[in-house]
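Undergrad: The file below is coords-v4.cif, mmCIF, C-alpha atoms and all ligand atoms; chains and numbers go by the auth columns:
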data_coords
#
loop_
_atom_site.group_PDB
_atom_site.id
_atom_site.type_symbol
_atom_site.label_atom_id
_atom_site.label_comp_id
_atom_site.label_asym_id
_atom_site.label_seq_id
_atom_site.Cartn_x
_atom_site.Cartn_y
_atom_site.Cartn_z
_atom_site.B_iso_or_equiv
_atom_site.auth_seq_id
_atom_site.auth_asym_id
ATOM 1 C CA MET A 1 5.684 109.305 -21.420 0.00 522 M
ATOM 2 C CA ARG A 2 2.236 107.745 -21.963 0.00 523 M
ATOM 3 C CA GLY A 3 3.226 104.730 -19.904 0.00 524 M
ATOM 4 C CA SER A 4 4.204 106.863 -16.942 0.00 525 M
ATOM 5 C CA VAL A 5 0.864 108.756 -17.050 0.00 526 M
ATOM 6 C CA CYS A 6 -1.114 105.477 -16.887 0.00 527 M
ATOM 7 C CA ARG A 7 0.829 104.185 -13.888 0.00 528 M
ATOM 8 C CA PRO A 8 -0.751 104.733 -10.460 0.00 529 M
ATOM 9 C CA VAL A 9 0.782 107.522 -8.367 0.00 530 M
ATOM 10 C CA ALA A 10 1.832 105.075 -5.626 0.00 531 M
ATOM 11 C CA VAL A 11 3.721 102.938 -8.158 0.00 532 M
ATOM 12 C CA GLN A 12 5.448 106.008 -9.590 0.00 533 M
ATOM 13 C CA GLN A 13 6.516 107.114 -6.089 0.00 534 M
ATOM 14 C CA ALA A 14 7.780 103.632 -5.278 0.00 535 M
ATOM 15 C CA SER A 15 9.833 103.356 -8.469 0.00 536 M
ATOM 16 C CA GLY A 16 11.286 106.827 -7.804 0.00 537 M
ATOM 17 C CA GLU A 17 12.373 105.752 -4.335 0.00 538 M
ATOM 18 C CA GLU A 18 13.862 102.556 -5.736 0.00 539 M
ATOM 19 C CA GLU A 19 15.880 104.521 -8.318 0.00 540 M
ATOM 20 C CA SER A 20 17.207 106.839 -5.632 0.00 541 M
ATOM 21 C CA MET A 21 18.372 103.788 -3.668 0.00 542 M
ATOM 22 C CA ILE A 22 20.467 102.477 -6.581 0.00 543 M
ATOM 23 C CA PRO A 23 24.107 103.455 -5.894 0.00 544 M
ATOM 24 C CA GLN A 24 25.465 105.773 -8.559 0.00 545 M
ATOM 25 C CA SER A 25 28.604 104.512 -10.282 0.00 546 M
ATOM 26 C CA SER A 26 31.646 106.766 -10.161 0.00 547 M
ATOM 27 C CA THR A 27 32.346 105.891 -13.794 0.00 548 M
ATOM 28 C CA PRO A 28 31.613 108.999 -15.864 0.00 549 M
ATOM 29 C CA ARG A 29 29.013 108.780 -18.586 0.00 550 M
ATOM 30 C CA PRO A 30 30.320 108.370 -22.137 0.00 551 M
ATOM 31 C CA ARG A 31 30.905 111.762 -23.715 0.00 552 M
ATOM 32 C CA ARG A 32 30.015 112.886 -27.182 0.00 553 M
ATOM 33 C CA CYS A 33 32.581 114.900 -29.116 0.00 554 M
ATOM 34 C CA GLY A 34 31.378 118.450 -29.700 0.00 555 M
ATOM 35 C CA TYR A 35 33.161 118.624 -33.068 0.00 556 M
ATOM 36 C CA CYS A 36 32.667 115.301 -34.885 0.00 557 M
ATOM 37 C CA LEU A 37 29.676 114.191 -32.742 0.00 558 M
ATOM 38 C CA LEU A 38 31.153 110.736 -32.151 0.00 559 M
ATOM 39 C CA GLN A 39 30.726 109.029 -28.818 0.00 560 M
ATOM 40 C CA GLN A 40 34.182 109.252 -27.301 0.00 561 M
ATOM 41 C CA PRO A 41 35.679 106.240 -25.548 0.00 562 M
ATOM 42 C CA MET A 42 37.358 106.795 -22.208 0.00 563 M
ATOM 43 C CA ARG A 43 40.704 108.664 -22.612 0.00 564 M
ATOM 44 C CA ALA A 44 39.893 109.845 -26.133 0.00 565 M
ATOM 45 C CA LYS A 45 40.191 113.506 -27.073 0.00 566 M
ATOM 46 C CA HIS A 46 39.428 115.553 -30.134 0.00 567 M
ATOM 47 C CA CYS A 47 42.521 117.067 -31.780 0.00 568 M
ATOM 48 C CA GLN A 48 41.767 120.491 -33.231 0.00 569 M
ATOM 49 C CA THR A 49 44.741 120.278 -35.624 0.00 570 M
ATOM 50 C CA CYS A 50 43.971 116.831 -37.045 0.00 571 M
ATOM 51 C CA GLN A 51 40.200 117.420 -36.858 0.00 572 M
ATOM 52 C CA ARG A 52 39.449 114.004 -35.426 0.00 573 M
ATOM 53 C CA CYS A 53 39.024 112.141 -32.150 0.00 574 M
ATOM 54 C CA VAL A 54 42.068 110.160 -31.042 0.00 575 M
ATOM 55 C CA ARG A 55 41.867 107.153 -28.719 0.00 576 M
ATOM 56 C CA ARG A 56 44.062 107.376 -25.625 0.00 577 M
ATOM 57 C CA PHE A 57 45.169 110.817 -26.794 0.00 578 M
ATOM 58 C CA ASP A 58 48.666 111.778 -25.671 0.00 579 M
ATOM 59 C CA HIS A 59 49.538 114.947 -27.584 0.00 580 M
ATOM 60 C CA HIS A 60 49.698 116.447 -31.052 0.00 581 M
ATOM 61 C CA CYS A 61 53.296 116.342 -32.275 0.00 582 M
ATOM 62 C CA PRO A 62 54.136 119.349 -34.489 0.00 583 M
ATOM 63 C CA TRP A 63 57.368 117.656 -35.660 0.00 584 M
ATOM 64 C CA MET A 64 55.459 114.722 -37.162 0.00 585 M
ATOM 65 C CA GLU A 65 52.325 116.755 -37.904 0.00 586 M
ATOM 66 C CA ASN A 66 50.294 113.970 -36.393 0.00 587 M
ATOM 67 C CA CYS A 67 48.688 112.963 -33.141 0.00 588 M
ATOM 68 C CA VAL A 68 50.316 110.565 -30.731 0.00 589 M
ATOM 69 C CA GLY A 69 47.701 108.217 -29.337 0.00 590 M
ATOM 70 C CA GLU A 70 46.850 104.621 -28.588 0.00 591 M
ATOM 71 C CA ARG A 71 48.212 102.998 -31.738 0.00 592 M
ATOM 72 C CA ASN A 72 51.407 104.952 -32.310 0.00 593 M
ATOM 73 C CA HIS A 73 52.544 105.965 -28.813 0.00 594 M
ATOM 74 C CA ARG A 74 54.999 103.072 -28.526 0.00 595 M
ATOM 75 C CA TRP A 75 56.362 103.871 -31.999 0.00 596 M
ATOM 76 C CA PHE A 76 56.777 107.469 -30.921 0.00 597 M
ATOM 77 C CA LEU A 77 59.075 106.236 -28.148 0.00 598 M
ATOM 78 C CA VAL A 78 61.014 104.100 -30.635 0.00 599 M
ATOM 79 C CA TYR A 79 61.266 107.175 -32.868 0.00 600 M
ATOM 80 C CA LEU A 80 62.689 109.192 -29.947 0.00 601 M
ATOM 81 C CA LEU A 81 65.157 106.419 -29.127 0.00 602 M
ATOM 82 C CA VAL A 82 66.382 106.217 -32.747 0.00 603 M
ATOM 83 C CA GLN A 83 66.690 110.006 -32.819 0.00 604 M
ATOM 84 C CA LEU A 84 68.705 109.972 -29.602 0.00 605 M
ATOM 85 C CA LEU A 85 71.047 107.262 -30.912 0.00 606 M
ATOM 86 C CA ALA A 86 71.571 109.203 -34.160 0.00 607 M
ATOM 87 C CA LEU A 87 72.302 112.394 -32.211 0.00 608 M
ATOM 88 C CA LEU A 88 74.763 110.615 -29.917 0.00 609 M
ATOM 89 C CA TRP A 89 76.500 109.103 -32.953 0.00 610 M
ATOM 90 C CA ALA A 90 76.718 112.583 -34.557 0.00 611 M
ATOM 91 C CA LEU A 91 78.118 113.986 -31.298 0.00 612 M
ATOM 92 C CA ARG A 92 80.792 111.298 -31.266 0.00 613 M
ATOM 93 C CA VAL A 93 81.724 111.993 -34.911 0.00 614 M
ATOM 94 C CA ALA A 94 81.876 115.739 -34.247 0.00 615 M
ATOM 95 C CA LEU A 95 84.038 115.246 -31.154 0.00 616 M
ATOM 96 C CA SER A 96 86.449 113.016 -33.078 0.00 617 M
ATOM 97 C CA GLY A 97 86.845 115.758 -35.693 0.00 618 M
ATOM 98 C CA LEU A 98 88.168 118.374 -33.271 0.00 619 M
ATOM 99 C CA ALA A 99 91.641 119.396 -34.399 0.00 620 M
ATOM 100 C CA PRO A 100 94.381 120.227 -31.890 0.00 621 M
ATOM 101 C CA GLY A 101 95.705 123.803 -31.784 0.00 622 M
ATOM 102 C CA ALA A 102 98.979 125.335 -30.632 0.00 623 M
ATOM 103 C CA SER A 103 97.103 127.884 -28.538 0.00 624 M
ATOM 104 C CA TRP A 104 93.613 128.385 -27.175 0.00 625 M
ATOM 105 C CA ASP A 105 92.933 131.056 -29.786 0.00 626 M
ATOM 106 C CA LEU A 106 94.097 128.909 -32.709 0.00 627 M
ATOM 107 C CA TRP A 107 92.159 125.914 -31.409 0.00 628 M
ATOM 108 C CA LEU A 108 88.950 127.992 -31.281 0.00 629 M
ATOM 109 C CA ARG A 109 89.493 129.289 -34.819 0.00 630 M
ATOM 110 C CA ALA A 110 90.195 125.842 -36.205 0.00 631 M
ATOM 111 C CA ASN A 111 87.157 124.261 -34.570 0.00 632 M
ATOM 112 C CA CYS A 112 84.554 127.042 -34.462 0.00 633 M
ATOM 113 C CA PHE A 113 82.132 125.316 -36.879 0.00 634 M
ATOM 114 C CA LEU A 114 82.469 121.969 -35.152 0.00 635 M
ATOM 115 C CA LEU A 115 81.935 123.599 -31.755 0.00 636 M
ATOM 116 C CA ALA A 116 78.760 125.289 -33.026 0.00 637 M
ATOM 117 C CA ALA A 117 77.570 121.927 -34.377 0.00 638 M
ATOM 118 C CA LEU A 118 78.413 120.296 -31.044 0.00 639 M
ATOM 119 C CA ALA A 119 76.368 122.926 -29.176 0.00 640 M
ATOM 120 C CA VAL A 120 73.331 122.374 -31.438 0.00 641 M
ATOM 121 C CA LEU A 121 73.676 118.580 -31.196 0.00 642 M
ATOM 122 C CA GLY A 122 74.034 118.833 -27.417 0.00 643 M
ATOM 123 C CA VAL A 123 70.831 120.864 -27.049 0.00 644 M
ATOM 124 C CA PHE A 124 68.864 118.505 -29.322 0.00 645 M
ATOM 125 C CA SER A 125 70.228 115.455 -27.487 0.00 646 M
ATOM 126 C CA ALA A 126 69.221 116.903 -24.111 0.00 647 M
ATOM 127 C CA VAL A 127 65.681 117.701 -25.350 0.00 648 M
ATOM 128 C CA VAL A 128 65.189 114.249 -26.895 0.00 649 M
ATOM 129 C CA LEU A 129 66.611 112.541 -23.794 0.00 650 M
ATOM 130 C CA LEU A 130 64.238 114.544 -21.592 0.00 651 M
ATOM 131 C CA LEU A 131 61.254 113.684 -23.807 0.00 652 M
ATOM 132 C CA LEU A 132 62.191 110.013 -23.833 0.00 653 M
ATOM 133 C CA GLY A 133 62.532 109.981 -20.043 0.00 654 M
ATOM 134 C CA VAL A 134 59.183 111.713 -19.511 0.00 655 M
ATOM 135 C CA HIS A 135 57.327 109.389 -21.903 0.00 656 M
ATOM 136 C CA LEU A 136 58.917 106.302 -20.360 0.00 657 M
ATOM 137 C CA TYR A 137 57.845 107.508 -16.910 0.00 658 M
ATOM 138 C CA LEU A 138 54.290 108.202 -18.113 0.00 659 M
ATOM 139 C CA ALA A 139 54.143 104.775 -19.751 0.00 660 M
ATOM 140 C CA SER A 140 55.323 103.163 -16.511 0.00 661 M
ATOM 141 C CA VAL A 141 52.434 104.740 -14.554 0.00 662 M
ATOM 142 C CA ASN A 142 49.883 104.374 -17.402 0.00 663 M
ATOM 143 C CA CYS A 143 49.248 108.072 -17.799 0.00 664 M
ATOM 144 C CA THR A 144 49.193 110.226 -20.910 0.00 665 M
ATOM 145 C CA THR A 145 50.758 113.638 -21.387 0.00 666 M
ATOM 146 C CA TRP A 146 47.283 115.147 -21.732 0.00 667 M
ATOM 147 C CA GLU A 147 46.103 113.555 -18.473 0.00 668 M
ATOM 148 C CA PHE A 148 49.328 114.585 -16.706 0.00 669 M
ATOM 149 C CA VAL A 149 49.285 118.215 -17.845 0.00 670 M
ATOM 150 C CA SER A 150 45.521 118.868 -17.841 0.00 671 M
ATOM 151 C CA ARG A 151 44.339 116.696 -14.974 0.00 672 M
ATOM 152 C CA HIS A 152 42.057 119.475 -13.690 0.00 673 M
ATOM 153 C CA ARG A 153 40.254 119.547 -17.074 0.00 674 M
ATOM 154 C CA VAL A 154 39.817 115.791 -17.551 0.00 675 M
ATOM 155 C CA SER A 155 36.323 114.748 -16.437 0.00 676 M
ATOM 156 C CA TYR A 156 37.323 111.331 -15.051 0.00 677 M
ATOM 157 C CA LEU A 157 40.363 112.699 -13.137 0.00 678 M
ATOM 158 C CA LYS A 158 39.531 116.136 -11.781 0.00 679 M
ATOM 159 C CA ASN A 159 37.430 114.902 -8.845 0.00 680 M
ATOM 160 C CA ARG A 160 39.767 112.143 -7.773 0.00 681 M
ATOM 161 C CA ALA A 161 41.565 112.593 -4.457 0.00 682 M
ATOM 162 C CA ASP A 162 44.170 109.990 -5.390 0.00 683 M
ATOM 163 C CA GLU A 163 47.031 111.486 -7.429 0.00 684 M
ATOM 164 C CA ARG A 164 47.811 108.134 -9.050 0.00 685 M
ATOM 165 C CA SER A 165 46.402 107.346 -12.461 0.00 686 M
ATOM 166 C CA PRO A 166 43.211 105.236 -12.110 0.00 687 M
ATOM 167 C CA PHE A 167 44.532 103.083 -14.961 0.00 688 M
ATOM 168 C CA ASP A 168 47.795 102.258 -13.155 0.00 689 M
ATOM 169 C CA ARG A 169 48.088 98.439 -12.890 0.00 690 M
ATOM 170 C CA GLY A 170 51.673 98.320 -11.644 0.00 691 M
ATOM 171 C CA LEU A 171 54.978 98.924 -13.423 0.00 692 M
ATOM 172 C CA LEU A 172 55.337 95.643 -15.304 0.00 693 M
ATOM 173 C CA CYS A 173 51.695 95.412 -16.385 0.00 694 M
ATOM 174 C CA ASN A 174 51.716 99.038 -17.503 0.00 695 M
ATOM 175 C CA LEU A 175 54.857 98.553 -19.596 0.00 696 M
ATOM 176 C CA TRP A 176 53.511 95.305 -21.011 0.00 697 M
ATOM 177 C CA ASP A 177 50.244 97.014 -21.987 0.00 698 M
ATOM 178 C CA PHE A 178 52.117 99.931 -23.470 0.00 699 M
ATOM 179 C CA PHE A 179 54.657 98.053 -25.576 0.00 700 M
ATOM 180 C CA CYS A 180 53.106 94.661 -26.226 0.00 701 M
ATOM 181 C CA ALA A 181 49.354 94.468 -25.633 0.00 702 M
ATOM 182 C CA CYS A 182 46.857 95.666 -28.202 0.00 703 M
ATOM 183 C CA GLY A 183 43.788 95.314 -26.004 0.00 704 M
ATOM 184 C CA ALA A 184 44.818 97.714 -23.270 0.00 705 M
ATOM 185 C CA ALA A 185 42.152 100.201 -24.343 0.00 706 M
ATOM 186 C CA ALA A 186 39.385 97.751 -23.489 0.00 707 M
ATOM 187 C CA ARG A 187 40.677 97.572 -19.923 0.00 708 M
ATOM 188 C CA ASP A 188 40.737 101.366 -19.776 0.00 709 M
ATOM 189 C CA ALA A 189 37.043 101.527 -20.691 0.00 710 M
ATOM 190 C CA GLY A 190 36.053 102.117 -17.080 0.00 711 M
ATOM 191 C CA VAL A 191 37.691 103.966 -14.219 0.00 712 M
ATOM 192 C CA PRO A 192 38.078 101.901 -11.045 0.00 713 M
ATOM 193 C CA ASN A 193 35.750 103.068 -8.285 0.00 714 M
ATOM 194 C CA SER A 194 38.439 103.939 -5.732 0.00 715 M
ATOM 195 C CA VAL A 195 38.388 107.757 -5.666 0.00 716 M
HETATM 196 ZN ZN ZN B . 36.016 114.575 -32.304 0.00 801 M
HETATM 197 ZN ZN ZN B . 46.513 115.912 -33.902 0.00 802 M
#
Would you write the structure of this file as structure tokens?
TA:
Amino acid sequence: MRGSVCRPVAVQQASGEEESMIPQSSTPRPRRCGYCLLQQPMRAKHCQTCQRCVRRFDHHCPWMENCVGERNHRWFLVYLLVQLLALLWALRVALSGLAPGASWDLWLRANCFLLAALAVLGVFSAVVLLLLGVHLYLASVNCTTWEFVSRHRVSYLKNRADERSPFDRGLLCNLWDFFCACGAAARDAGVPNSV
């Protein structure tokens, strides 16, 4: 403050004009978490359930009682795939156990428990398949569930005219970053200027 008081008025006016001529970057300023007061990297979000900030936050999974984020998102997909394979195997076993019946009524009575199990397994398989498909799609366009669902609330997305994710580097690069690269977060540190 003292330095600015000592400077001549003309110099202060000139420096003000110079600052106004500097083009403002479209990259949002780093945010500070309102809960744990940490400076949040781009794409991080505070999880109210886990009480911590999560890098490249995707969602909080109530089944695992943990957040899905930068370091475990790929393993979450593997977990879904293993679950789907186990469910399909169980469906196959249940189908092979269906006993034949002389009539429709007898067949229903003989297989009622297996049919109930098949219905439950079918619903779970459909849900897991849907989740796997959605997460694979989001990985292919380098978008998170949080960004996809709450785009209007995300500071670096809500003012963008382009519907595409600003982190989208093309299908192969996105999938490589998602499944193989550990340094993808560093590339996500800034949003490209094309709005
Ligand atoms: Zn936080
Ligand atoms: Zn969480």
Undergrad: Quick one, how far is atom CA of Ala638 of chain M from atom CA of Leu652 of chain M?
TA: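 So the two atoms, atom CA of Ala638 of chain M and atom CA of Leu652 of chain M, lie 21.1 Å apart.
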Undergrad: How would you write, as a list in words, the set of residues no farther than 6 Å from ligand ZN 801 (chain M) when counting all atoms listed in the file?
TA: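 Taking all atoms listed in the file into account, the residues around ligand ZN 801 (chain M) at most 6 Å away are Cys554, Tyr556, Cys557, His567, Arg573 and Cys574 of chain M.
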Undergrad: List as a list in words the protein and nucleic acid residues near segment 668-672 of chain M, meaning an atom at most 12 Å away when only C-alpha atoms are counted, but skip any in the same chain fewer than 5 places from it.
TA: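 Listed by chain and then number, they are Met563, Arg564, Ala565, Lys566, Arg577, Phe578, Asp579, His580, Val655, His656, Tyr658, Leu659, Ala660, Val662, Asn663, Tyr677, Leu678, Lys679, Asn680, Arg681, Ala682, Asp683, Glu684, Arg685, Ser686, Pro687 and Phe688 of chain M.
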Undergrad: State, in Å with one decimal place, the distance from atom CA of Leu696 of chain M to atom CA of Phe597 of chain M.
TA: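 Result for atom CA of Leu696 of chain M versus atom CA of Phe597 of chain M: 14.5 Å, one decimal.
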Undergrad: Collect all residues with atoms no farther than 9 Å from ligand ZN 802 (chain M), counting all atoms listed in the file, and output them as a ChimeraX atom specification.
TA: /M:567-575,578,580-583,586-589
Undergrad: Extract, using all atoms listed in the file, all DNA, RNA and protein residues at most 8 Å from Leu619 of chain M, discarding same-chain residues fewer than 3 positions from it, and format them as a PDB file with C-alpha atoms, in the frame of the given file.
TA:
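Just written: selection.pdb:
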ATOM      1  CA  ALA M 615      81.876 115.739 -34.247  1.00  0.00           C
ATOM      2  CA  LEU M 616      84.038 115.246 -31.154  1.00  0.00           C
ATOM      3  CA  ASN M 632      87.157 124.261 -34.570  1.00  0.00           C
ATOM      4  CA  LEU M 635      82.469 121.969 -35.152  1.00  0.00           C
TER       5      LEU M 635
END
Undergrad: To one decimal place in Å, what is the distance between atom CA of Arg576 of chain M and atom CA of Trp667 of chain M?
TA: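 Pair atom CA of Arg576 of chain M / atom CA of Trp667 of chain M returns 11.9 Å.
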Undergrad: List the residues matched by the PyMOL selection byres (((chain M and resi 699) around 9) and not hetatm) in the displayed structure as a list in words, ordered by chain and then by residue number.
TA: Glu591, His594, Arg595, Ala660, Ser661, Asn663, Cys694, Asn695, Leu696, Trp697, Asp698, Phe700, Cys701, Ala702, Cys703 and Ala705 of chain M
Undergrad: Tell me which of M:Ser624, M:Asn593, M:Thr665, M:Ser646 sits closest to Asp689 of chain M, counting only C-alpha atoms.
TA: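 Of all the options, M:Thr665 lies closest to Asp689 of chain M.
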Undergrad: I'd like the residues picked by the PyMOL selection byres (((chain M and resi 602-610) around 10) and not hetatm) written out as a PDB file with C-alpha atoms, in the frame of the given file, using the chain letters and numbers from the file.
TA:
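Dumped to part.pdb:
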ATOM      1  CA  TRP M 596      56.362 103.871 -31.999  1.00  0.00           C
ATOM      2  CA  PHE M 597      56.777 107.469 -30.921  1.00  0.00           C
ATOM      3  CA  LEU M 598      59.075 106.236 -28.148  1.00  0.00           C
ATOM      4  CA  VAL M 599      61.014 104.100 -30.635  1.00  0.00           C
ATOM      5  CA  TYR M 600      61.266 107.175 -32.868  1.00  0.00           C
ATOM      6  CA  LEU M 601      62.689 109.192 -29.947  1.00  0.00           C
ATOM      7  CA  ALA M 611      76.718 112.583 -34.557  1.00  0.00           C
ATOM      8  CA  LEU M 612      78.118 113.986 -31.298  1.00  0.00           C
ATOM      9  CA  ARG M 613      80.792 111.298 -31.266  1.00  0.00           C
ATOM     10  CA  VAL M 614      81.724 111.993 -34.911  1.00  0.00           C
ATOM     11  CA  ALA M 615      81.876 115.739 -34.247  1.00  0.00           C
ATOM     12  CA  LEU M 616      84.038 115.246 -31.154  1.00  0.00           C
ATOM     13  CA  LEU M 642      73.676 118.580 -31.196  1.00  0.00           C
ATOM     14  CA  GLY M 643      74.034 118.833 -27.417  1.00  0.00           C
ATOM     15  CA  PHE M 645      68.864 118.505 -29.322  1.00  0.00           C
ATOM     16  CA  SER M 646      70.228 115.455 -27.487  1.00  0.00           C
ATOM     17  CA  ALA M 647      69.221 116.903 -24.111  1.00  0.00           C
ATOM     18  CA  VAL M 648      65.681 117.701 -25.350  1.00  0.00           C
ATOM     19  CA  VAL M 649      65.189 114.249 -26.895  1.00  0.00           C
ATOM     20  CA  LEU M 650      66.611 112.541 -23.794  1.00  0.00           C
ATOM     21  CA  LEU M 652      61.254 113.684 -23.807  1.00  0.00           C
ATOM     22  CA  LEU M 653      62.191 110.013 -23.833  1.00  0.00           C
TER      23      LEU M 653
END
Undergrad: Once 5 Å is added on each side, what are the centre and the three edge lengths, in Å to one decimal, of the axis-aligned box enclosing the listed atoms of segment 555-571 of chain M? Present them as AutoDock Vina command-line options.
TA:
--center_x 37.2 --center_y 113.4 --center_z -29.6 --size_x 25.1 --size_y 24.3 --size_z 24.8
